[in-house]
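Have a look at my_file-v4.txt; it's compact mmCIF, C-alpha atoms and all ligand atoms:
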```
# COMPACT_ATOMS: atom_id res chain seq x y z
CA SER P 1 -0.23 2.16 -22.80
CA ALA P 2 -1.53 5.27 -21.08
CA VAL P 3 -5.12 6.00 -22.11
CA ASP P 4 -7.23 9.12 -22.28
CA VAL P 5 -4.81 11.26 -20.34
CA GLY P 6 -3.50 14.12 -22.42
CA PRO P 7 0.16 13.82 -23.47
CA SER P 8 1.16 16.74 -21.27
CA ASP P 9 -0.88 15.57 -18.26
CA TYR P 10 0.68 14.32 -15.06
CA ILE P 11 -0.42 11.78 -12.51
CA LEU P 12 0.19 13.12 -9.00
CA VAL P 13 1.39 10.45 -6.57
CA THR P 14 1.33 11.34 -2.87
CA GLY P 15 3.66 9.19 -0.77
CA GLY P 16 5.37 8.13 -3.98
CA ALA P 17 8.79 7.66 -2.35
CA GLY P 18 7.38 4.97 -0.02
CA TYR P 19 7.20 1.21 -0.36
CA ILE P 20 4.04 0.76 -2.42
CA GLY P 21 4.10 4.26 -3.94
CA SER P 22 7.57 3.79 -5.47
CA HIS P 23 6.45 0.54 -7.15
CA ALA P 24 3.35 2.32 -8.48
CA VAL P 25 5.47 5.20 -9.82
CA LEU P 26 7.61 2.66 -11.68
CA GLU P 27 4.53 1.03 -13.24
CA LEU P 28 3.09 4.43 -14.20
CA LEU P 29 6.32 5.47 -15.94
CA GLN P 30 6.60 2.12 -17.72
CA THR P 31 2.99 2.46 -18.92
CA GLY P 32 3.82 5.88 -20.40
CA TYR P 33 2.43 8.29 -17.80
CA LYS P 34 4.24 11.37 -16.55
CA VAL P 35 4.53 11.49 -12.79
CA VAL P 36 4.85 14.15 -10.10
CA VAL P 37 5.46 12.95 -6.54
CA VAL P 38 4.81 14.76 -3.29
CA ASP P 39 6.25 13.15 -0.16
CA ASN P 40 7.61 14.61 3.09
CA LEU P 41 10.06 11.67 3.37
CA CYS P 42 9.02 10.97 6.99
CA ASN P 43 9.15 7.23 6.28
CA SER P 44 11.14 7.02 3.04
CA SER P 45 14.08 8.42 1.12
CA LYS P 46 14.52 10.06 -2.26
CA GLU P 47 16.86 7.21 -3.18
CA SER P 48 13.84 5.01 -4.02
CA LEU P 49 12.80 7.45 -6.77
CA ARG P 50 16.36 7.88 -8.00
CA ARG P 51 16.41 4.10 -8.53
CA VAL P 52 12.99 4.15 -10.20
CA GLU P 53 14.39 6.74 -12.63
CA LYS P 54 17.38 4.49 -13.35
CA LEU P 55 15.22 1.40 -13.84
CA THR P 56 12.83 3.15 -16.23
CA GLY P 57 15.11 5.71 -17.89
CA LYS P 58 12.43 8.31 -17.15
CA VAL P 59 12.19 11.38 -14.96
CA VAL P 60 10.09 11.81 -11.81
CA GLN P 61 9.15 15.33 -10.74
CA PHE P 62 9.70 15.24 -6.99
CA HIS P 63 8.52 17.78 -4.38
CA GLU P 64 9.35 17.38 -0.71
CA VAL P 65 5.99 18.57 0.57
CA ASP P 66 3.92 17.70 3.64
CA LEU P 67 0.20 17.23 2.95
CA LEU P 68 -0.46 19.29 6.07
CA ASP P 69 1.30 22.26 4.42
CA GLN P 70 -1.61 23.42 2.29
CA PRO P 71 0.16 26.38 0.56
CA SER P 72 3.04 24.17 -0.62
CA LEU P 73 0.63 21.50 -1.82
CA GLU P 74 -1.35 24.16 -3.66
CA GLY P 75 1.93 25.28 -5.27
CA VAL P 76 2.43 21.80 -6.78
CA PHE P 77 -1.13 21.75 -8.14
CA ALA P 78 -0.54 25.18 -9.67
CA SER P 79 2.67 24.00 -11.41
CA TYR P 80 1.53 20.93 -13.36
CA PRO P 81 -1.46 19.89 -15.49
CA ILE P 82 -2.64 17.00 -13.30
CA SER P 83 -5.33 14.61 -14.48
CA ALA P 84 -5.53 12.13 -11.59
CA VAL P 85 -4.13 11.47 -8.13
CA LEU P 86 -2.87 8.25 -6.53
CA HIS P 87 -2.96 8.94 -2.79
CA PHE P 88 -0.56 6.77 -0.76
CA ALA P 89 0.77 9.30 1.78
CA ALA P 90 -0.17 8.26 5.30
CA LEU P 91 1.19 7.00 8.59
CA LYS P 92 0.69 3.25 8.81
CA ALA P 93 2.12 1.73 12.02
CA VAL P 94 -0.75 0.15 13.95
CA GLY P 95 1.02 0.11 17.35
CA GLU P 96 2.18 3.72 17.05
CA SER P 97 -1.37 4.75 16.14
CA VAL P 98 -2.54 3.45 19.53
CA THR P 99 0.00 5.62 21.39
CA HIS P 100 -0.30 8.65 19.04
CA PRO P 101 -3.90 8.60 17.80
CA LEU P 102 -4.17 12.36 17.22
CA ARG P 103 -1.08 12.35 15.03
CA TYR P 104 -2.61 9.54 12.95
CA HIS P 105 -5.98 11.24 12.60
CA ARG P 106 -4.32 14.56 11.72
CA VAL P 107 -1.86 13.27 9.12
CA ASN P 108 -4.14 10.71 7.48
CA SER P 109 -7.49 12.49 7.60
CA VAL P 110 -6.51 16.18 7.47
CA GLY P 111 -3.84 15.35 4.89
CA THR P 112 -6.53 13.78 2.70
CA ILE P 113 -8.91 16.72 3.16
CA ASN P 114 -6.16 19.16 2.13
CA LEU P 115 -5.56 17.05 -0.95
CA LEU P 116 -9.29 16.98 -1.82
CA ASP P 117 -9.47 20.79 -1.44
CA CYS P 118 -6.64 21.23 -3.95
CA MET P 119 -8.19 18.73 -6.35
CA TYR P 120 -11.56 20.49 -6.11
CA ARG P 121 -10.06 23.92 -6.74
CA HIS P 122 -8.20 22.65 -9.79
CA GLY P 123 -11.09 20.62 -11.18
CA ILE P 124 -9.32 17.26 -10.80
CA TRP P 125 -11.83 14.52 -10.02
CA ASN P 126 -9.98 11.21 -10.46
CA LEU P 127 -8.65 9.75 -7.21
CA VAL P 128 -7.25 6.34 -6.30
CA PHE P 129 -7.04 5.97 -2.52
CA SER P 130 -4.88 3.51 -0.52
CA SER P 131 -7.33 1.88 1.82
CA SER P 132 -6.76 -1.37 3.66
CA ALA P 133 -8.37 -4.69 4.53
CA THR P 134 -8.02 -3.42 8.09
CA VAL P 135 -11.40 -1.65 7.53
CA TYR P 136 -13.08 -5.08 7.81
CA GLY P 137 -11.78 -5.74 11.35
CA GLU P 138 -12.57 -9.30 12.48
CA PRO P 139 -14.38 -11.03 9.58
CA ASP P 140 -17.85 -12.55 10.03
CA ARG P 141 -17.20 -14.85 7.10
CA LEU P 142 -14.48 -15.59 4.56
CA PRO P 143 -13.52 -14.72 1.93
CA LEU P 144 -14.13 -11.00 2.46
CA THR P 145 -16.20 -9.28 -0.20
CA GLU P 146 -16.51 -5.51 -0.54
CA SER P 147 -19.97 -5.63 1.04
CA ALA P 148 -18.70 -7.07 4.35
CA ALA P 149 -19.30 -5.02 7.51
CA LEU P 150 -16.75 -2.26 8.20
CA ARG P 151 -15.33 -2.04 11.70
CA ALA P 152 -11.77 -0.94 12.34
CA THR P 153 -10.24 -1.97 15.65
CA ASN P 154 -7.34 0.48 16.10
CA PRO P 155 -6.76 4.19 15.40
CA TYR P 156 -4.83 3.52 12.19
CA GLY P 157 -7.68 1.41 10.85
CA LYS P 158 -10.18 4.04 11.94
CA THR P 159 -8.36 6.69 9.90
CA LYS P 160 -8.80 4.47 6.81
CA LEU P 161 -12.47 3.91 7.64
CA TYR P 162 -13.15 7.61 8.27
CA ILE P 163 -11.35 8.64 5.08
CA GLU P 164 -13.47 6.17 3.13
CA GLU P 165 -16.55 7.86 4.67
CA ILE P 166 -15.22 11.33 3.82
CA LEU P 167 -14.65 10.24 0.23
CA ARG P 168 -18.13 8.69 0.00
CA ASP P 169 -19.64 11.97 1.28
CA ALA P 170 -17.62 14.02 -1.21
CA ALA P 171 -18.72 11.75 -4.07
CA MET P 172 -22.36 12.03 -2.98
CA SER P 173 -22.17 15.82 -2.80
CA ASP P 174 -20.72 16.31 -6.27
CA SER P 175 -21.19 13.80 -9.06
CA ARG P 176 -17.97 14.85 -10.79
CA TRP P 177 -15.83 12.84 -8.36
CA ARG P 178 -14.58 9.44 -9.55
CA ILE P 179 -12.93 7.65 -6.66
CA ALA P 180 -11.52 4.13 -6.30
CA LEU P 181 -10.99 2.84 -2.75
CA LEU P 182 -8.35 0.12 -3.00
CA ARG P 183 -8.47 -2.17 0.02
CA TYR P 184 -5.05 -3.83 0.07
CA PHE P 185 -4.60 -7.14 1.82
CA ASN P 186 -0.98 -7.87 2.92
CA PRO P 187 1.57 -6.34 0.51
CA ALA P 188 4.85 -8.27 0.32
CA GLY P 189 7.87 -8.70 -1.93
CA ALA P 190 9.74 -6.15 -4.00
CA HIS P 191 10.50 -5.27 -7.59
CA PRO P 192 12.19 -8.31 -9.23
CA SER P 193 15.28 -6.17 -9.99
CA GLY P 194 15.94 -6.10 -6.24
CA ARG P 195 16.62 -2.35 -6.59
CA ILE P 196 13.52 -1.04 -4.78
CA GLY P 197 11.68 -2.51 -1.81
CA GLU P 198 10.44 -1.86 1.69
CA ASP P 199 12.92 -0.12 4.00
CA PRO P 200 11.35 -0.11 7.46
CA HIS P 201 12.93 2.12 10.09
CA GLY P 202 13.69 0.14 13.25
CA ALA P 203 12.26 -3.30 13.90
CA PRO P 204 9.71 -4.20 11.21
CA ASN P 205 6.09 -4.45 12.35
CA ASN P 206 5.11 -6.67 9.44
CA LEU P 207 5.92 -10.33 9.03
CA MET P 208 7.72 -10.50 5.67
CA PRO P 209 10.34 -7.79 6.27
CA TYR P 210 10.97 -9.30 9.70
CA ILE P 211 11.50 -12.79 8.25
CA VAL P 212 14.10 -11.63 5.72
CA GLN P 213 15.94 -9.56 8.33
CA VAL P 214 16.32 -12.80 10.30
CA ALA P 215 17.48 -14.59 7.13
CA ILE P 216 20.33 -12.08 6.61
CA GLY P 217 21.28 -12.25 10.29
CA ARG P 218 20.15 -8.78 11.37
CA ARG P 219 17.81 -10.36 13.96
CA PRO P 220 18.14 -13.68 15.82
CA HIS P 221 14.68 -15.19 15.24
CA VAL P 222 11.14 -14.56 14.09
CA THR P 223 8.61 -14.26 16.92
CA VAL P 224 5.47 -16.12 15.87
CA PHE P 225 2.50 -14.41 17.46
CA GLY P 226 0.31 -17.33 18.51
CA SER P 227 0.19 -21.00 17.50
CA ASP P 228 -3.22 -21.71 19.05
CA TYR P 229 -5.53 -20.21 16.41
CA SER P 230 -8.06 -22.54 14.85
CA THR P 231 -6.14 -22.64 11.56
CA LYS P 232 -4.36 -25.49 9.75
CA ASP P 233 -1.13 -25.16 11.79
CA GLY P 234 -2.39 -22.87 14.57
CA THR P 235 -0.68 -19.71 13.24
CA GLY P 236 -2.37 -16.66 11.69
CA ILE P 237 -3.40 -16.73 8.04
CA ARG P 238 -3.21 -13.72 5.69
CA ASP P 239 -3.63 -12.93 2.01
CA TYR P 240 -0.14 -11.80 0.94
CA ILE P 241 -0.04 -9.96 -2.39
CA HIS P 242 3.08 -9.20 -4.42
CA VAL P 243 3.73 -5.45 -4.41
CA VAL P 244 4.15 -5.45 -8.21
CA ASP P 245 0.66 -6.97 -8.62
CA LEU P 246 -0.62 -4.33 -6.20
CA ALA P 247 1.07 -1.54 -8.16
CA LYS P 248 -0.46 -2.84 -11.38
CA GLY P 249 -3.86 -2.81 -9.66
CA HIS P 250 -3.48 0.98 -9.35
CA ILE P 251 -2.93 1.36 -13.09
CA ALA P 252 -6.04 -0.76 -13.71
CA ALA P 253 -8.09 1.35 -11.26
CA LEU P 254 -6.79 4.60 -12.75
CA GLU P 255 -7.64 3.51 -16.28
CA LYS P 256 -11.10 2.39 -15.18
CA LEU P 257 -11.76 5.83 -13.64
CA VAL P 258 -10.52 7.74 -16.63
CA ARG P 259 -12.04 5.49 -19.27
CA THR P 260 -15.56 4.85 -17.99
CA PRO P 261 -18.17 7.51 -17.39
CA THR P 262 -19.06 6.00 -14.00
CA HIS P 263 -18.93 8.42 -11.11
CA GLY P 264 -18.94 7.99 -7.37
CA CYS P 265 -16.82 6.08 -4.94
CA VAL P 266 -16.22 2.35 -5.45
CA PRO P 267 -14.28 -0.06 -3.15
CA TYR P 268 -12.13 -2.86 -4.58
CA ASN P 269 -10.37 -5.66 -2.71
CA LEU P 270 -6.81 -6.08 -3.93
CA GLY P 271 -5.74 -9.53 -2.77
CA THR P 272 -5.04 -12.96 -4.22
CA GLY P 273 -7.90 -14.85 -2.58
CA VAL P 274 -5.43 -17.32 -1.05
CA GLY P 275 -4.25 -17.33 2.57
CA TYR P 276 -0.93 -18.55 3.95
CA SER P 277 0.03 -19.19 7.56
CA VAL P 278 2.99 -17.64 9.37
CA LEU P 279 4.81 -20.99 9.32
CA GLU P 280 4.17 -21.38 5.58
CA MET P 281 5.65 -17.91 5.05
CA ILE P 282 8.75 -18.81 7.04
CA SER P 283 9.33 -22.02 5.10
CA ALA P 284 8.76 -20.32 1.73
CA ALA P 285 11.34 -17.69 2.74
CA GLU P 286 13.77 -20.43 3.79
CA LYS P 287 13.44 -21.97 0.35
CA ALA P 288 13.99 -18.63 -1.42
CA SER P 289 16.96 -17.59 0.71
CA GLN P 290 18.53 -21.04 1.20
CA LYS P 291 18.88 -20.05 4.88
CA THR P 292 17.51 -21.54 8.05
CA ILE P 293 15.14 -19.04 9.65
CA PRO P 294 14.81 -19.72 13.38
CA TYR P 295 11.52 -18.87 15.06
CA VAL P 296 10.09 -18.78 18.55
CA ILE P 297 6.41 -19.26 19.38
CA ALA P 298 5.03 -16.42 21.53
CA PRO P 299 1.57 -15.40 22.75
CA ARG P 300 -0.94 -13.87 20.33
CA ARG P 301 -0.43 -10.20 19.42
CA LYS P 302 -3.22 -7.99 20.76
CA GLY P 303 -5.77 -7.08 18.11
CA ASP P 304 -4.75 -9.85 15.68
CA VAL P 305 -7.35 -12.07 14.05
CA ALA P 306 -6.94 -15.73 13.07
CA GLU P 307 -7.61 -15.58 9.37
CA VAL P 308 -8.09 -12.94 6.68
CA TYR P 309 -8.29 -13.36 2.91
CA ALA P 310 -10.00 -11.58 0.08
CA ASP P 311 -12.60 -12.38 -2.46
CA PRO P 312 -10.88 -10.42 -5.27
CA SER P 313 -13.47 -11.33 -7.93
CA PHE P 314 -15.01 -7.84 -8.09
CA ALA P 315 -11.64 -6.26 -8.94
CA ASN P 316 -10.91 -9.15 -11.34
CA ARG P 317 -14.16 -8.48 -13.17
CA GLU P 318 -14.44 -4.68 -13.00
CA LEU P 319 -10.79 -3.72 -13.39
CA GLY P 320 -9.68 -6.59 -15.61
CA TRP P 321 -6.90 -7.12 -13.10
CA ARG P 322 -5.75 -10.06 -11.07
CA ALA P 323 -2.80 -10.88 -8.84
CA GLU P 324 -0.53 -13.17 -10.86
CA ARG P 325 2.63 -13.52 -8.84
CA THR P 326 3.13 -16.54 -6.56
CA LEU P 327 4.27 -16.83 -2.96
CA ASP P 328 7.64 -18.13 -4.19
CA GLU P 329 8.07 -15.04 -6.36
CA MET P 330 7.20 -12.79 -3.41
CA CYS P 331 9.85 -14.48 -1.30
CA ARG P 332 12.43 -14.55 -4.11
CA ASP P 333 12.01 -10.80 -4.78
CA GLN P 334 11.88 -9.83 -1.10
CA TRP P 335 15.10 -11.79 -0.62
CA ALA P 336 16.76 -10.24 -3.70
CA TRP P 337 16.01 -6.78 -2.28
CA GLN P 338 17.03 -7.61 1.29
CA SER P 339 20.21 -9.53 0.46
CA THR P 340 21.55 -6.87 -1.92
CA ASN P 341 20.43 -3.95 0.31
CA PRO P 342 20.92 -5.33 3.83
CA HIS P 343 20.44 -1.86 5.29
CA GLY P 344 17.79 -0.70 2.84
CA TYR P 345 18.45 2.49 0.90
CA GLY P 346 21.25 3.37 3.31
CA SER P 347 23.26 0.38 2.03
CA GLU P 348 25.16 2.25 -0.69
P1 LIG J 401 5.22 3.97 3.38
O1 LIG J 401 5.37 4.54 4.74
O2 LIG J 401 6.38 3.28 2.76
O3 LIG J 401 4.71 5.10 2.36
C1 LIG J 401 3.96 6.20 2.77
C2 LIG J 401 4.65 7.45 2.26
O4 LIG J 401 3.92 8.61 2.65
C3 LIG J 401 6.07 7.60 2.84
O5 LIG J 401 6.98 7.82 1.78
C4 LIG J 401 5.96 8.82 3.75
O6 LIG J 401 7.17 9.55 3.80
C5 LIG J 401 4.82 9.60 3.10
N1 LIG J 401 4.09 10.48 4.01
C6 LIG J 401 3.61 10.20 5.25
N2 LIG J 401 3.02 11.28 5.78
C7 LIG J 401 3.10 12.26 4.86
C8 LIG J 401 2.67 13.63 4.82
N3 LIG J 401 2.03 14.20 5.87
N4 LIG J 401 2.92 14.36 3.71
C9 LIG J 401 3.58 13.81 2.66
N5 LIG J 401 4.01 12.54 2.65
C10 LIG J 401 3.78 11.78 3.73
O7 LIG J 401 3.95 2.97 3.42
P2 LIG J 401 3.37 1.98 2.31
O8 LIG J 401 3.44 0.61 2.86
O9 LIG J 401 3.96 2.27 0.99
O10 LIG J 401 1.85 2.42 2.34
C11 LIG J 401 1.28 3.27 1.37
C12 LIG J 401 -0.20 3.42 1.65
O11 LIG J 401 -0.82 2.14 1.63
C13 LIG J 401 -0.53 4.02 3.01
O12 LIG J 401 -1.66 4.85 2.87
C14 LIG J 401 -0.88 2.81 3.85
O13 LIG J 401 -1.75 3.13 4.90
C15 LIG J 401 -1.57 1.94 2.82
N6 LIG J 401 -1.54 0.51 3.15
C16 LIG J 401 -0.35 -0.12 3.41
C17 LIG J 401 -0.33 -1.47 3.72
C18 LIG J 401 0.96 -2.18 4.05
O14 LIG J 401 0.92 -3.22 4.71
N7 LIG J 401 2.11 -1.69 3.63
C19 LIG J 401 -1.53 -2.19 3.76
C20 LIG J 401 -2.73 -1.53 3.48
C21 LIG J 401 -2.71 -0.18 3.18
C1 LIG J 402 0.85 -10.95 9.45
C2 LIG J 402 0.77 -12.22 10.28
C3 LIG J 402 0.79 -11.82 12.64
C4 LIG J 402 4.87 -10.18 12.68
C5 LIG J 402 -1.00 -5.22 9.21
C6 LIG J 402 -1.96 -4.11 9.54
C7 LIG J 402 -2.91 -3.90 8.41
C8 LIG J 402 -2.18 -3.71 7.09
C9 LIG J 402 -1.15 -4.76 6.86
C10 LIG J 402 -1.93 -1.39 6.61
C11 LIG J 402 -0.17 -12.11 11.49
C12 LIG J 402 2.03 -12.58 12.22
C13 LIG J 402 3.66 -10.74 12.31
C14 LIG J 402 5.76 -10.95 13.49
C15 LIG J 402 4.14 -12.74 13.46
N1 LIG J 402 -1.46 -2.47 7.06
N2 LIG J 402 3.29 -11.99 12.69
N3 LIG J 402 5.35 -12.20 13.85
O1 LIG J 402 -1.33 -7.74 11.08
O2 LIG J 402 -2.18 -8.83 8.95
O3 LIG J 402 -1.75 -6.42 8.99
O4 LIG J 402 -0.31 -4.88 8.02
O5 LIG J 402 -3.03 -1.14 6.27
O6 LIG J 402 -3.66 -2.78 8.74
O7 LIG J 402 -2.69 -4.45 10.72
O8 LIG J 402 0.18 -7.94 9.03
O9 LIG J 402 2.54 -8.49 8.68
O10 LIG J 402 1.84 -7.53 10.92
O11 LIG J 402 1.15 -9.86 10.32
O12 LIG J 402 3.82 -13.89 13.83
O13 LIG J 402 6.83 -10.50 13.87
O14 LIG J 402 2.06 -12.51 10.82
O15 LIG J 402 0.32 -12.28 13.88
O16 LIG J 402 -0.77 -13.39 11.66
P1 LIG J 402 -1.33 -7.80 9.63
P2 LIG J 402 1.52 -8.38 9.74
```
Re-express the file's structure as structure tokens.
Amino acid sequence: SAVDVGPSDYILVTGGAGYIGSHAVLELLQTGYKVVVVDNLCNSSKESLRRVEKLTGKVVQFHEVDLLDQPSLEGVFASYPISAVLHFAALKAVGESVTHPLRYHRVNSVGTINLLDCMYRHGIWNLVFSSSATVYGEPDRLPLTESAALRATNPYGKTKLYIEEILRDAAMSDSRWRIALLRYFNPAGAHPSGRIGEDPHGAPNNLMPYIVQVAIGRRPHVTVFGSDYSTKDGTGIRDYIHVVDLAKGHIAALEKLVRTPTHGCVPYNLGTGVGYSVLEMISAAEKASQKTIPYVIAPRRKGDVAEVYADPSFANRELGWRAERTLDEMCRDQWAWQSTNPHGYGSE
């Protein structure tokens, strides 16, 4: 149940209408927290939160606000007693960040600074930030621990790295801040109800949503980016984590911040510790969907690395959290979402 947050307090969730944010909102409500969401809906729809309300039988306070609109953001902070913030709102398409770097730096970094200003003014010090394993760039050794070198290789990744630095500086300047940097590995899957999930606009950039769009016949085949890596079958290996496990990791991080008198800024890897190849992902999705999923081998994608997986033991130990859901569950739930919502939230 919700701990040490007053009964009238709210958790503010930025980007709460999005893929990971909507799953976190659901977990917060089910744990007993009250939730206020700010999202400008640039990559999501309000329908996700309407469904979260139906699934939980609880209400979400929603405000269509852009983090770059400081007065409107301030208005939300002035309207609710907020005790902590989960900060998901960001732009996240790696390729687009290469063509529009200023947009990425503005939205992700300035958006975060505006949020920190509001938190500071209102004396709110608990923050859980959506970082990414992308801050590790190409690994020197595996599995990746939190102490590995940080080196982002594209503008999107740099925004995550710079925001981590900004948050570390803030925490060093004022010991009241309590900040968790959650470095997600590869989120996949959907809520087991099949009612909420990822709804990418246009062709998906990520592997799992692409695979299931092929399975339902929206696209002819999966393009496998490279089969000549020095991995077990030559294709890239990643640490896929079920989005429900990831959402639960946020509750664990939030409760750690609120419960323990530790201050500062602490990074946590949220992954499973196990890597799967692209071909393993395709065959697991074939099993879950009972469909043949055609694929074509293509050259490597620029900027990709052969193999990435987490050492999640620090988060296991410190947060009392671990990823529990299997690859088959990820594929089953991704398929349940995709097959019942073939066109995402626009399906009904
Ligand atoms: P998403 O696009 O589904 O969610 C992000 C949400 O933020 C969207 O609802 C979008 O409308 C909102 N948003 C964007 N700019 C905004 C602004 N200026 N003001 C208000 N709202 C704004 O993406 P997601 O996959 O749910 O990712 C959530 C967070 O996790 C992001 O910070 C992302 O960088 C990070 N992350 C994602 C992944 C992944 O593979 N999905 C991996 C690592 C980290
Ligand atoms: C996974 C594997 C591809 C698509 C990205 C971001 C990272 C983080 C998560 C936000 C790789 C292969 C993919 C396809 C393929 N996001 N692939 N065909 O690249 O590990 O990480 O999303 O923080 O920052 O870079 O994830 O899902 O794109 O790729 O063969 O159509 O699947 O080469 O091996 P990635 P992904």
message: Distance limit 7 Å, reference ligand LIG 401 (chain J), atoms considered: all atoms listed in the file. Which residues make the cut? Give them as number ranges by chain.
response: P: 14-21, 38-44, 65-68, 88-92, 107, 111, 130-133, 183-187, 198
- request: Name each residue within 7 Å of ligand LIG 402 (chain J), counting all atoms listed in the file, as a PyMOL selection string.
  value: chain P and resi 92+94+131-134+157+185-186+205-208+210+222-226+235-238+278+300-301+304+306
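From atom CA of Leu12 of chain P back to atom CA of Arg121 of chain P, the distance works out to 15.1 Å.
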message: I'd like the interatomic distance between atom CA of Ser277 of chain P and atom CA of Val244 of chain P, to a tenth of an Å.
response: 21.3 Å
- prompt: Suppose you want the space between atom CA of Thr112 of chain P and atom CA of Ala78 of chain P; what is it in Å?
  reply: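 It comes out at 17.9 Å.
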Nearest to Asp140 of chain P by atom-to-atom distance, counting only C-alpha atoms, from P:Trp177, P:Tyr309, P:Leu26, P:His100: P:Tyr309
Pick from P:Leu115, P:Ser227, P:Leu49, P:Trp125 nearest to Gly75 of chain P, counting all atoms listed in the file: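 Result for the nearest residue to Gly75 of chain P: P:Leu115.
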Save segment 259-272 of chain P to disk from that block, N, CA, C and O atoms included, as a JSON list (two decimals), in the first residue's frame.
```
[["chain", "number", "residue", "atom", "x", "y", "z"],
["P", 259, "ARG", "N", 10.62, 6.80, 1.93],
["P", 259, "ARG", "CA", 10.77, 6.08, 3.18],
["P", 259, "ARG", "C", 12.12, 6.30, 3.86],
["P", 259, "ARG", "O", 12.21, 6.33, 5.06],
["P", 260, "THR", "N", 13.18, 6.37, 3.06],
["P", 260, "THR", "CA", 14.52, 6.40, 3.66],
["P", 260, "THR", "C", 15.04, 7.82, 3.69],
["P", 260, "THR", "O", 14.77, 8.61, 2.78],
["P", 261, "PRO", "N", 15.79, 8.17, 4.72],
["P", 261, "PRO", "CA", 16.29, 9.53, 4.84],
["P", 261, "PRO", "C", 17.53, 9.77, 3.98],
["P", 261, "PRO", "O", 18.28, 10.69, 4.23],
["P", 262, "THR", "N", 17.75, 8.95, 2.95],
["P", 262, "THR", "CA", 18.92, 9.18, 2.09],
["P", 262, "THR", "C", 18.60, 10.28, 1.09],
["P", 262, "THR", "O", 17.50, 10.34, 0.54],
["P", 263, "HIS", "N", 19.56, 11.14, 0.87],
["P", 263, "HIS", "CA", 19.37, 12.24, -0.06],
["P", 263, "HIS", "C", 20.31, 12.04, -1.23],
["P", 263, "HIS", "O", 21.09, 11.11, -1.26],
["P", 264, "GLY", "N", 20.20, 12.94, -2.20],
["P", 264, "GLY", "CA", 21.10, 12.87, -3.35],
["P", 264, "GLY", "C", 20.44, 12.24, -4.54],
["P", 264, "GLY", "O", 19.22, 12.15, -4.62],
["P", 265, "CYS", "N", 21.28, 11.79, -5.45],
["P", 265, "CYS", "CA", 20.84, 11.39, -6.78],
["P", 265, "CYS", "C", 21.44, 10.02, -7.05],
["P", 265, "CYS", "O", 22.66, 9.87, -7.12],
["P", 266, "VAL", "N", 20.59, 8.98, -7.17],
["P", 266, "VAL", "CA", 21.12, 7.62, -7.25],
["P", 266, "VAL", "C", 20.61, 6.94, -8.53],
["P", 266, "VAL", "O", 19.40, 6.91, -8.78],
["P", 267, "PRO", "N", 21.52, 6.38, -9.36],
["P", 267, "PRO", "CA", 21.09, 5.65, -10.56],
["P", 267, "PRO", "C", 20.79, 4.19, -10.27],
["P", 267, "PRO", "O", 21.46, 3.55, -9.46],
["P", 268, "TYR", "N", 19.76, 3.67, -10.94],
["P", 268, "TYR", "CA", 19.39, 2.25, -10.83],
["P", 268, "TYR", "C", 19.16, 1.68, -12.22],
["P", 268, "TYR", "O", 18.38, 2.26, -12.99],
["P", 269, "ASN", "N", 19.77, 0.54, -12.52],
["P", 269, "ASN", "CA", 19.45, -0.18, -13.76],
["P", 269, "ASN", "C", 18.14, -0.92, -13.59],
["P", 269, "ASN", "O", 18.00, -1.73, -12.65],
["P", 270, "LEU", "N", 17.19, -0.69, -14.48],
["P", 270, "LEU", "CA", 15.97, -1.50, -14.48],
["P", 270, "LEU", "C", 15.99, -2.40, -15.72],
["P", 270, "LEU", "O", 15.67, -1.97, -16.83],
["P", 271, "GLY", "N", 16.44, -3.62, -15.51],
["P", 271, "GLY", "CA", 16.49, -4.62, -16.58],
["P", 271, "GLY", "C", 16.30, -5.97, -15.94],
["P", 271, "GLY", "O", 16.09, -6.07, -14.72],
["P", 272, "THR", "N", 16.39, -7.03, -16.78],
["P", 272, "THR", "CA", 16.22, -8.38, -16.24],
["P", 272, "THR", "C", 17.56, -9.05, -15.97],
["P", 272, "THR", "O", 17.63, -10.01, -15.21]]
```
